[in-house]
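Worksheet for the structure shown next.
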Amino acid sequence: MAKPSRAAVTGLLAGPASLAVAGMLVNGCNLLMNLIVARSLDSDAYGAVSVQVSIFLILSVAGNALLIGVVHHETSGTGESRREQWYWIRRLRGACGLGIAVATLAALVLSRPVAALMSYPHPVAIAEATIGAALWTLLCVERGLIQARGAYQRLAVNFVVEGFVRIGLVILFVVAGMGVNGAGLGIVIGVLVGSEHGRWAVNRTPRLPRLSASTAAGQNPPADSSLAAARELTAARELTAARELSVARESGRASASADQGQPAGVAVPLLLEDGLPPATGPIPVPIPAPRPSARQSVIADTTVALGALVPLALLQNMDVVIVGWLGSAGVGGYAAISTACKVPVFIGLAVANFLLPEAARRRKEGRPAGGTLAIALVFVVTPGLLLAAIGLVGAHWLIGLVFGAHLTDASGALWVLALSMTLLAVTLMFTTYLLGAGVRRVVAVLAVATVATAGALVSAGGGAMPTAVAALVTELVTAVAVGLLVVQLHHTDRQEAAARQAADVRRQATDGGFPAAV
């Protein structure tokens with residue numbers, strides 16, 4: 001395998017670096033937004049905003065799953081002509097528009113019953129979170145297309161545009177006195193602007209050229225062409241020799257039949273050495289199996305991704321919802337440390353936009369993808385450990401500075417929850433990598449982990465430190481379980497690579513000489 005050049009390594013680092021920088025920039029603005037919102041609202045209202053954001057993040061999983069399906073379909077290379085490519089994109093955008101209309105109608109009808117069921121005093125905020133999550137699907141379609149086409153810098157710009165508009169409007173509406181409902185309206189408008197910017201970027205981003213597996217693996221194309229030409233020459237010589245042998249036998253049989261008194265015009269059945277007649281007529285060509293349509297492909301990939309991302313969204317956000325549901329008086333303080341600890345997760349969500357298409361594309365081209373996973377892990381683990389270290393020595397000062405002194409009750413659990421969210425970010429990277437490789441067993445592992453985590457969080461009783469410790473233990477077990485799937489995948493890849501190499505050696509040994517002269 002050829003050693004990657006410095007330019008290739010630089011290009012590999014540029015993608016996650018730009019996305020990580022964009023993620024940190026948007027996350028920094030999120031912290032600024034939380035600072036202003038927390039100081040503008042009382043503790044109960046700020047907790048209500050945190051619950052609204054958690055609802056939005058959980059419902060937006062459908063869009064994130066659709067994004068994975070779009071990336072898989074776009075990197076598969078189906079739809080070679082420009083007309084075919086844009087046809088399925090337009091159809092998908094139309095389907096998303098219809099889904100947004102249906103979700104909006106359902107949100108307006110069901111928001112009050114759902115708010116009563118959750119004991120949540122802001123039904124309009126639930127409707128806004130639902131509509132924002134529906135619009136998120138359209139944004140994810142555009143981002144999936146940008147990802148699959150390798151335009152990571154444009155994707156980073158889209159992150160910044162959407163984040164700045166959303167955060168700016170939330171601050172503006174809350175400061176203007178619109179409260180929790182104003183925050184939800186800012187989310188809706190920000191996502192809508194981000195989707196339109198994403199559409200603009202897609203229209204200016206061409207599709208990446210497809211590489212063959214041999215070329216992508218670093219092999220020498222001229223050598224491959226020479227080997228193929230040698231094999232074709234060998235096959236041609238074998239066919240010529242077989243035909244000459246058949247003609248010689250037919251003429252021998254014709255002369256023998258003449259000696260035996262048979263008419264020369266009567267055909268004598270020709271048999272080969274194994275007693276079978278020679279093949280006649282056109283050579284049968286294997287008919288390839290029909291490929292699934294764009295709709296079937298996207299639906300299948302989206303369904304699998306949804307089964308993985310729903311548990312991840314619950315693992316990320318259900319701690320705040322459970323603490324609020326248990327009626328804990330410290331929900332505002334816990335929401336503050338939970339927001340601060342989302343830093344590695346938000347960076348992980350940004351870097352996953354690099355990891356998913358790179359892992360899928362490299363595996364389709366026959367290249368190893370473990371290096372991309374290692375780079376992504378570095379970008380999410382480093383800020384998480386830094387936040388945990390800060391929380392260990394200065395949590396009270398940090399929370400008081402950012403959110404205000406009235407939300408420092410749960411600051412002692414900051415470092416524990418930071419480690420928990422770092423492990424969740426690692427699980428997110430592992431899951432994204434496995435989804436890019438088409439491994440579906442991760443869905444079952446995450447489903448079991450989500451149920452276990454929910455039970456542990458409820459049993460913690462709503463206290464900040466017990467809840468953070470329960471989250472840390474369950475996230476550690478989940479990361480280890482999903483990481484074992486990655487190890488198993490790499491082990492299988494090595495076995496398959498060794499088998500292919502052995503088959504190539506045997507084939508080259510067989511093709512090394514020409515048939516003996518007859």
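We name chains A, B, ... following the order of the structure tokens; residues begin at 1 in each chain, and ligands are numbered from 1 as shown.
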
Which of stretch 341-438 of chain A fall in alpha helix (DSSP H), as a VMD selection string: chain A and resid 341 343 to 364 370 to 403 414 to 436

Using only C-alpha atoms, determine which residues lie at most 12 Å from A:Thr339, disregarding the query and same-chain residues fewer than 3 positions distant; provide the list as JSON, numbers by chain. {"A": [27, 28, 30, 31, 32, 33, 34, 35, 38, 46, 47, 49, 50, 51, 53, 54, 316, 317, 319, 320, 331, 332, 333, 334, 335, 336, 342, 343, 344, 345, 346, 399, 402, 403, 407, 411, 414, 417, 418, 421]}

Just the residues within 8 Å of stretch 187-199 of chain A, please, counting only C-alpha atoms, with nothing from its chain fewer than 2 positions along; format it as a PyMOL selection string. chain A and resi 128-129+131-132+135-136+138-140+142-143+146+155+158-159+161-167+169-170+183-185+201-203

Can you work out the spacing between atom CA of A:Pro383 and atom CA of A:Gly348 in Å, to one decimal? 10.2 Å

Between atom CA of A:Thr478 and atom CA of A:Val71, what is the distance in Å, rounded to a tenth? 25.6 Å
